[in-house]
Every structure is written in C-alpha cells, then in structure tokens.
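Peer 1: Enclosed is the structure file run-v5.cif (mmCIF, C-alpha atoms).
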data_entry
#
loop_
_atom_site.label_atom_id
_atom_site.label_comp_id
_atom_site.auth_asym_id
_atom_site.auth_seq_id
_atom_site.Cartn_x
_atom_site.Cartn_y
_atom_site.Cartn_z
CA MET A 1 0.00 0.00 0.00
CA SER A 2 1.39 3.41 -0.89
CA PRO A 3 2.06 6.04 1.79
CA PRO A 4 -1.14 7.81 2.85
CA SER A 5 -1.63 10.95 0.79
CA VAL A 6 -2.58 13.99 2.82
CA GLU A 7 -3.15 15.96 -0.35
CA THR A 8 -5.59 13.35 -1.68
CA ALA A 9 -7.43 13.29 1.62
CA SER A 10 -7.83 17.04 1.48
CA THR A 11 -9.49 16.87 -1.93
CA THR A 12 -12.19 14.57 -0.58
CA ALA A 13 -13.51 17.51 1.42
CA ALA A 14 -14.83 18.95 -1.83
CA ASP A 15 -16.94 15.83 -2.29
CA ARG A 16 -18.44 16.21 1.18
CA SER A 17 -20.35 19.43 0.42
CA LEU A 18 -20.56 22.70 2.27
CA PHE A 19 -22.89 21.58 5.06
CA PRO A 20 -22.05 23.12 8.46
CA ALA A 21 -20.32 20.91 10.99
CA SER A 22 -23.03 19.69 13.38
CA GLN A 23 -22.23 19.08 17.04
CA SER A 24 -23.01 15.37 16.72
CA ARG A 25 -20.67 15.10 13.74
CA ILE A 26 -17.86 16.72 15.71
CA GLU A 27 -18.54 14.54 18.74
CA ARG A 28 -18.47 11.37 16.61
CA LEU A 29 -15.15 12.46 15.15
CA ARG A 30 -13.70 13.21 18.59
CA ASP A 31 -14.98 9.90 20.00
CA ARG A 32 -13.47 8.01 17.09
CA PHE A 33 -10.16 9.79 17.63
CA HIS A 34 -10.05 8.74 21.29
CA GLN A 35 -11.20 5.21 20.52
CA ILE A 36 -8.34 4.64 18.08
CA ARG A 37 -5.72 6.37 20.22
CA ASN A 38 -6.78 4.43 23.31
CA PHE A 39 -6.72 1.15 21.39
CA THR A 40 -3.07 1.80 20.47
CA ASN A 41 -2.27 2.53 24.11
CA GLY A 42 -4.05 -0.66 25.12
CA LEU A 43 -1.87 -2.73 22.81
CA CYS A 44 1.11 -1.63 24.89
CA ALA A 45 -0.50 -2.32 28.27
CA GLY A 46 1.42 -5.56 28.87
CA LEU A 47 4.78 -4.28 27.63
CA GLU A 48 7.70 -3.06 29.71
CA PRO A 49 9.78 -0.02 28.70
CA GLU A 50 12.63 -2.34 27.72
CA ASP A 51 10.33 -4.11 25.25
CA CYS A 52 9.41 -0.84 23.55
CA VAL A 53 12.90 0.25 22.47
CA VAL A 54 14.21 -2.84 20.64
CA GLN A 55 14.66 -2.90 16.87
CA SER A 56 15.23 -6.55 15.95
CA MET A 57 15.87 -5.92 12.23
CA PRO A 58 15.83 -2.93 9.84
CA ASP A 59 12.20 -3.55 8.84
CA VAL A 60 11.03 -3.55 12.49
CA SER A 61 10.33 -0.30 14.33
CA PRO A 62 10.44 -0.06 18.13
CA THR A 63 7.06 0.19 19.83
CA LYS A 64 8.09 3.60 21.17
CA TRP A 65 8.58 4.84 17.61
CA HIS A 66 5.10 3.72 16.56
CA LEU A 67 3.59 5.59 19.53
CA ALA A 68 5.47 8.77 18.63
CA HIS A 69 5.14 8.58 14.84
CA THR A 70 1.35 8.27 14.86
CA THR A 71 1.30 11.27 17.23
CA TRP A 72 3.63 13.20 14.91
CA PHE A 73 1.08 12.70 12.11
CA PHE A 74 -1.69 14.49 14.02
CA GLU A 75 0.68 17.20 15.23
CA THR A 76 2.11 17.84 11.75
CA PHE A 77 -0.98 17.68 9.57
CA ILE A 78 -3.69 18.82 12.01
CA LEU A 79 -2.32 20.99 14.82
CA LYS A 80 0.35 22.85 12.85
CA LYS A 81 -2.13 23.53 10.05
CA PHE A 82 -5.45 24.15 11.80
CA SER A 83 -4.59 25.27 15.35
CA PRO A 84 -3.56 28.96 15.32
CA GLY A 85 -0.62 29.67 17.56
CA TYR A 86 0.29 26.01 18.11
CA ARG A 87 4.01 25.51 18.71
CA ALA A 88 5.68 22.13 18.99
CA GLU A 89 7.08 21.59 22.47
CA ILE A 90 10.07 19.67 21.05
CA PRO A 91 10.66 20.68 17.40
CA GLU A 92 13.27 17.93 16.92
CA TYR A 93 10.50 15.31 17.03
CA ALA A 94 9.59 16.42 13.51
CA TYR A 95 12.87 14.91 12.32
CA LEU A 96 12.93 11.84 14.58
CA PHE A 97 9.39 10.65 13.93
CA ASN A 98 8.82 11.43 10.27
CA SER A 99 9.03 8.27 8.16
CA TYR A 100 8.48 8.68 4.42
CA TYR A 101 6.67 12.03 4.16
CA ASN A 102 9.29 13.85 2.11
CA ALA A 103 7.15 16.95 1.78
CA ALA A 104 7.11 17.28 5.59
CA GLY A 105 10.90 17.55 5.86
CA ASP A 106 13.98 15.46 6.54
CA MET A 107 13.80 12.25 8.56
CA HIS A 108 15.93 10.00 10.70
CA ARG A 109 17.09 6.72 9.11
CA ARG A 110 14.62 3.90 9.54
CA ASP A 111 17.25 1.24 10.24
CA LEU A 112 18.70 3.30 13.12
CA ARG A 113 15.49 3.83 15.10
CA GLY A 114 16.56 1.30 17.73
CA LEU A 115 19.63 3.39 18.58
CA ILE A 116 17.59 6.33 19.85
CA SER A 117 17.24 6.00 23.64
CA ARG A 118 15.77 9.47 24.02
CA PRO A 119 12.99 10.43 24.14
CA THR A 120 12.24 7.73 26.68
CA VAL A 121 9.09 5.63 26.54
CA SER A 122 7.47 7.80 29.21
CA GLN A 123 8.38 10.93 27.25
CA ALA A 124 6.84 9.45 24.10
CA GLN A 125 3.67 8.71 26.06
CA ARG A 126 3.66 12.27 27.40
CA TYR A 127 4.00 13.51 23.82
CA ARG A 128 0.92 11.47 22.87
CA ALA A 129 -1.09 12.86 25.77
CA SER A 130 -0.10 16.43 24.95
CA VAL A 131 -1.08 16.19 21.29
CA ASP A 132 -4.33 14.42 22.19
CA SER A 133 -5.18 17.29 24.54
CA HIS A 134 -4.54 19.86 21.81
CA ILE A 135 -6.71 17.89 19.36
CA ASP A 136 -9.48 17.88 21.98
CA ASP A 137 -9.23 21.65 22.32
CA LEU A 138 -9.27 22.09 18.55
CA LEU A 139 -12.37 19.92 18.12
CA SER A 140 -14.13 21.72 20.96
CA ASN A 141 -14.26 24.90 18.90
CA PRO A 142 -13.48 24.08 15.26
CA ASP A 143 -13.36 26.64 12.49
CA GLU A 144 -16.52 25.90 10.50
CA SER A 145 -14.94 27.06 7.24
CA LEU A 146 -12.06 24.59 7.63
CA PHE A 147 -13.84 21.68 9.27
CA ASP A 148 -14.45 19.62 6.14
CA GLU A 149 -10.79 19.77 5.19
CA MET A 150 -9.67 19.03 8.73
CA GLU A 151 -12.11 16.12 9.05
CA ALA A 152 -10.77 14.49 5.88
CA ILE A 153 -7.20 14.56 7.23
CA LEU A 154 -8.29 13.39 10.69
CA VAL A 155 -10.01 10.37 9.13
CA LEU A 156 -6.85 9.68 7.14
CA GLY A 157 -4.96 9.85 10.44
CA PHE A 158 -7.33 7.28 11.96
CA HIS A 159 -6.61 4.80 9.19
CA HIS A 160 -2.91 5.59 9.32
CA GLU A 161 -2.83 4.79 13.05
CA GLN A 162 -4.79 1.58 12.49
CA GLN A 163 -2.12 0.52 10.00
CA HIS A 164 0.49 1.16 12.67
CA GLN A 165 -1.50 -0.87 15.20
CA GLU A 166 -1.03 -3.86 12.91
CA LEU A 167 2.64 -3.00 12.44
CA LEU A 168 3.17 -2.54 16.17
CA ILE A 169 1.87 -6.05 16.88
CA THR A 170 3.88 -7.58 14.03
CA ASP A 171 7.04 -5.80 15.14
CA ILE A 172 6.85 -6.59 18.86
CA LYS A 173 6.16 -10.25 18.08
CA HIS A 174 9.31 -10.30 15.94
CA VAL A 175 11.22 -8.71 18.82
CA PHE A 176 9.92 -11.36 21.23
CA ALA A 177 10.75 -14.13 18.74
CA GLN A 178 14.46 -13.33 19.18
CA ASN A 179 14.30 -13.94 22.92
CA PRO A 180 15.21 -17.44 24.24
CA LEU A 181 12.88 -16.83 27.20
CA TYR A 182 9.96 -17.01 24.73
CA PRO A 183 7.93 -14.04 25.98
CA VAL A 184 4.43 -13.70 24.55
CA PHE A 185 2.69 -10.55 23.45
CA ARG A 186 -0.77 -11.50 24.72
CA GLN A 187 -1.37 -14.52 26.93
CA ARG A 188 -4.50 -16.50 26.16
CA ASN A 189 -5.92 -19.33 28.23
CA ARG A 190 -7.50 -21.65 25.76
CA ASP A 191 -8.38 -25.32 25.82
CA VAL A 192 -6.79 -26.99 22.83
CA ALA A 193 -8.82 -29.97 21.71
CA ALA A 194 -7.99 -32.38 18.93
CA LYS A 195 -9.96 -31.53 15.82
CA LYS A 196 -10.55 -33.71 12.83
CA ILE A 197 -8.98 -32.16 9.77
CA THR A 198 -11.04 -32.41 6.63
CA GLN A 199 -9.35 -33.45 3.43
CA ASN A 200 -8.04 -30.47 1.51
CA GLN A 201 -9.55 -30.05 -1.94
CA PHE A 202 -9.17 -27.45 -4.65
CA ILE A 203 -12.00 -25.56 -6.32
CA ASP A 204 -11.40 -24.40 -9.89
CA PHE A 205 -12.42 -20.91 -10.98
CA GLU A 206 -12.75 -19.97 -14.63
CA GLU A 207 -11.15 -16.94 -16.21
CA THR A 208 -13.37 -13.88 -15.90
CA VAL A 209 -13.52 -10.12 -16.19
CA THR A 210 -14.55 -8.38 -12.96
CA ALA A 211 -14.67 -4.92 -11.44
CA ILE A 212 -11.94 -4.16 -8.88
CA GLY A 213 -11.00 -1.01 -7.00
CA HIS A 214 -12.75 1.19 -4.48
CA ASN A 215 -16.21 2.56 -5.25
CA ARG A 216 -15.64 5.79 -3.23
CA ASN A 217 -18.61 5.26 -0.92
CA GLU A 218 -16.34 5.39 2.14
CA PHE A 219 -12.67 5.91 3.02
CA ALA A 220 -9.94 4.54 0.78
CA TYR A 221 -6.30 5.34 0.06
CA ASP A 222 -5.54 6.96 -3.27
CA ASN A 223 -3.96 3.80 -4.68
CA GLU A 224 -7.16 1.77 -4.16
CA GLY A 225 -8.96 3.34 -7.12
CA PRO A 226 -10.32 4.13 -9.54
CA ARG A 227 -12.70 1.21 -9.93
CA HIS A 228 -12.06 -0.57 -13.24
CA GLN A 229 -12.47 -3.83 -15.11
CA ALA A 230 -9.69 -6.41 -14.77
CA LEU A 231 -9.00 -9.81 -16.30
CA VAL A 232 -8.64 -12.53 -13.65
CA PRO A 233 -6.99 -15.66 -15.12
CA ALA A 234 -8.26 -19.10 -14.21
CA PHE A 235 -7.13 -20.28 -10.78
CA SER A 236 -7.77 -22.87 -8.07
CA LEU A 237 -8.39 -22.21 -4.39
CA ALA A 238 -8.08 -24.71 -1.53
CA THR A 239 -11.13 -25.39 0.61
CA ARG A 240 -9.19 -24.70 3.82
CA PRO A 241 -5.83 -23.26 4.93
CA VAL A 242 -2.75 -25.44 5.14
CA THR A 243 -2.27 -26.86 8.64
CA ASN A 244 0.94 -26.68 10.68
CA GLY A 245 1.16 -30.47 10.41
CA GLU A 246 1.01 -30.35 6.62
CA PHE A 247 3.66 -27.65 6.56
CA ILE A 248 5.93 -29.73 8.82
CA ALA A 249 5.42 -32.71 6.52
CA PHE A 250 6.46 -30.54 3.57
CA ILE A 251 9.66 -29.54 5.38
CA GLU A 252 10.47 -33.13 6.41
CA ASP A 253 9.93 -34.26 2.82
CA ASN A 254 12.78 -31.91 1.76
CA GLY A 255 10.38 -29.35 0.30
CA TYR A 256 12.99 -26.64 0.66
CA SER A 257 15.50 -28.51 -1.48
CA ARG A 258 13.20 -29.57 -4.35
CA ALA A 259 13.03 -26.99 -7.13
CA GLU A 260 9.82 -28.36 -8.64
CA PHE A 261 7.76 -26.79 -5.83
CA TRP A 262 9.06 -23.27 -6.31
CA LEU A 263 8.75 -20.35 -8.70
CA SER A 264 12.10 -18.91 -9.75
CA LEU A 265 12.15 -15.99 -7.30
CA GLY A 266 11.13 -18.23 -4.41
CA TRP A 267 13.76 -20.83 -5.33
CA MET A 268 16.40 -18.05 -5.46
CA THR A 269 15.36 -16.88 -1.98
CA VAL A 270 15.52 -20.43 -0.60
CA ASN A 271 19.02 -20.93 -1.95
CA GLU A 272 20.24 -17.58 -0.68
#
In structure tokens, what does this structure look like?

Peer 2:
Amino acid sequence: MSPPSVETASTTAADRSLFPASQSRIERLRDRFHQIRNFTNGLCAGLEPEDCVVQSMPDVSPTKWHLAHTTWFFETFILKKFSPGYRAEIPEYAYLFNSYYNAAGDMHRRDLRGLISRPTVSQAQRYRASVDSHIDDLLSNPDESLFDEMEAILVLGFHHEQQHQELLITDIKHVFAQNPLYPVFRQRNRDVAAKKITQNQFIDFEETVTAIGHNRNEFAYDNEGPRHQALVPAFSLATRPVTNGEFIAFIEDNGYSRAEFWLSLGWMTVNE
C-alpha cells in the first residue's frame, strides 16, 4: 500500500459538500479519535519499557517509535495547520518521527530507530497525551470554514494509526521471537482440543472479467482506485488453509530442497 496521501485526503472535502459541521458530527469524530488512540495505548499495556525500544531488524520499528510517529502525524498535519498559535514543544520530534513524508521535511534513518534511547518511553507517552489534549481543544471549537478539510485529514490519520496498530503487533512479536525466554505478546488461556482435519480439496475458478478497485462510498487510500475492469486468469483455491502439520510434513519431505515446488524468485530466496 502506498504512503497515505494527505493531499488526496484534502481533496475529498470537496466531495463532502458545504454543510455546516453539526455538534453530533464533531462529537463522533472526537470519539473516534479517542477510541483509536486508546486502542493503540491498550496494545502496549502488557509491555515493559525495555520491550518498547528494541529494533530486531531494519524492517522492524520499536514500539516507542510507533507511539510517537502516529502522534507526529496528528501534530504535523492537524495541529500545525489548523490550530492557530500552536508551537511544537520539542521541534526535533519532527525529524525523529517522520518516516516517508518527504514533503514534511527530513527524517531519521529507519534502520537506526533502535539506537535512539531518548525520548524515553514515558516521554513518548507524554508527547501522545499532549497532542491528544490539543486535538481535543481544537475539536471543541473548530473553524466551520475549515472543518471539512480538517475532518478528511483526521479520518486519514485514523486509518494511518490503524495501520500502525497492525505493524506494532507484528514488530513486537518479531522482537519477542528473538528472545530465548519465549515471551508472549498477549497470553490466552485456551483449551486446545484435537480436531478432525477435513481433506483439503481445490475448487477451480474460470477466467473472468470483474470490477476491482474502491467505489468511493467510504474511506480509501488513493492507490485503491479508480474502480475498473480487470481480467482474472483461471485459478484454483483450496477449501481450507494449510495446517501446521502439513507444513511440517512438507519440510520433512525436503520441500525446501526440491526446485519443482518453487517459482524462480522463491527458489532463489531459498538458496540464498
């Protein structure tokens, strides 16, 4: 998925019309903001500060960085644009917590995020709380003439943070996977009962032309449209996912050393 486009989000305001911002509309937006921000905080509830600063490979970001980067988004594209007189408490955060928004300025190298011990985890959380408070103040008395534009970018920010919620979980699980103590991200007490596995079969689908792409009835990133016709070649789909047992059997049958099971790029990766 391409980087979220703030400019594209702004243009959707023109589609929304010139209706005034009702109180219920503002309240729903504010409630949604807090719901998403609190969900991110909740994902970190079982983590220690030491967990939140590890970068286990270049493609992993520390949990602390996710907390600060999603906050930077709202500070940069909402508060600095729509809140008159707003001044960043720590201007250097604009460099540390940018990621790929070239138009917003320079950025710290992604593969070096784990080397940054300051701000601390508690300082990153304080940064979140401060920006959230300013957003609250802004939504308590929004400029009617700018509300449609601001709402479009806020909604983009919601989806951006939800993407980072998925990344945060993926990244911290990779961090934990390096630890010989086998920590878990979220403990679950579940009775595991033997289940009969049905035989896996494949269903054939004929070649067809179908409509793909977003229909613009609700939020979408700019690379999810326009809706258009596409040729889908014939394919087969299994009736259930592969089980862990079947995957183990594939490994034990030397599946990783038999070229007939691999496309060329996959076979190259296996050999490397």

Peer 1: I'd like to know which of A:Tyr95, A:Tyr256, A:Tyr182, A:Tyr86 is closest to His134 of chain A, using all atoms listed in the file.

Peer 2: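 The answer is A:Tyr86, which sits nearest to His134 of chain A.
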
Peer 1: Calculated over all atoms listed in the file, which of the candidates A:Ile172, A:Leu139, A:Leu231, A:Leu146 has the smallest distance to Met57 of chain A?

Peer 2: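 The answer is A:Ile172, which sits nearest to Met57 of chain A.
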
Peer 1: Specify as an NGL selection string each residue included when the PyMOL selection byres ((chain A and resi 105) around 12) is applied to this file.

Peer 2: :A and (76 or 91-104 or 106-108)

Peer 1: Select, from A:Asn179, A:Ser257, A:Ser24, A:Gln201, the residue with the minimum atom-to-atom distance to Pro241 of chain A, counting only C-alpha atoms.

Peer 2: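 Going through A:Asn179, A:Ser257, A:Ser24, A:Gln201 one by one, the smallest distance to Pro241 of chain A is for A:Gln201.
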
Peer 1: Please expand the PyMOL selection byres ((chain A and resi 233-238) around 8) into the concrete residues it hits in this file, giving the result as number ranges by chain.

Peer 2: A: 200-208, 231-232, 239-241

Peer 1: Record the distance separating atom CA of Ile169 of chain A and atom CA of Gly225 of chain A, expressed in Å with one decimal.

Peer 2: 28.0 Å

Peer 1: With the PyMOL selection byres ((chain A and resi 61) around 10) as the selection, what would be picked from this file? Answer as number ranges by chain, please.

Peer 2: A: 52-60, 62-66, 110-114, 167-168, 170-172, 175

Peer 1: Identify, on the basis of only C-alpha atoms, every residue whose closest approach to Glu75 of chain A does not exceed 12 Å; exclude the query and any residue fewer than 3 positions from it along the same chain; express the result as a compact mmCIF listing (two decimals) with C-alpha atoms, in the coordinates of the input.

Peer 2:
# COMPACT_ATOMS: atom_id res chain seq x y z
CA ALA A 68 5.47 8.77 18.63
CA HIS A 69 5.14 8.58 14.84
CA THR A 70 1.35 8.27 14.86
CA THR A 71 1.30 11.27 17.23
CA TRP A 72 3.63 13.20 14.91
CA ILE A 78 -3.69 18.82 12.01
CA LEU A 79 -2.32 20.99 14.82
CA LYS A 80 0.35 22.85 12.85
CA LYS A 81 -2.13 23.53 10.05
CA PHE A 82 -5.45 24.15 11.80
CA SER A 83 -4.59 25.27 15.35
CA TYR A 86 0.29 26.01 18.11
CA ARG A 87 4.01 25.51 18.71
CA ALA A 88 5.68 22.13 18.99
CA GLU A 89 7.08 21.59 22.47
CA ILE A 90 10.07 19.67 21.05
CA PRO A 91 10.66 20.68 17.40
CA TYR A 93 10.50 15.31 17.03
CA ALA A 94 9.59 16.42 13.51
CA PHE A 97 9.39 10.65 13.93
CA ASN A 98 8.82 11.43 10.27
CA ALA A 104 7.11 17.28 5.59
CA TYR A 127 4.00 13.51 23.82
CA ARG A 128 0.92 11.47 22.87
CA ALA A 129 -1.09 12.86 25.77
CA SER A 130 -0.10 16.43 24.95
CA VAL A 131 -1.08 16.19 21.29
CA ASP A 132 -4.33 14.42 22.19
CA SER A 133 -5.18 17.29 24.54
CA HIS A 134 -4.54 19.86 21.81
CA ILE A 135 -6.71 17.89 19.36
CA LEU A 138 -9.27 22.09 18.55
CA ILE A 153 -7.20 14.56 7.23
CA LEU A 154 -8.29 13.39 10.69
CA GLY A 157 -4.96 9.85 10.44

Peer 1: What is the atom CA of Phe158 of chain A to atom CA of Arg32 of chain A distance in Å?

Peer 2: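 Taking atom CA of Phe158 of chain A and atom CA of Arg32 of chain A, their separation equals 8.0 Å.
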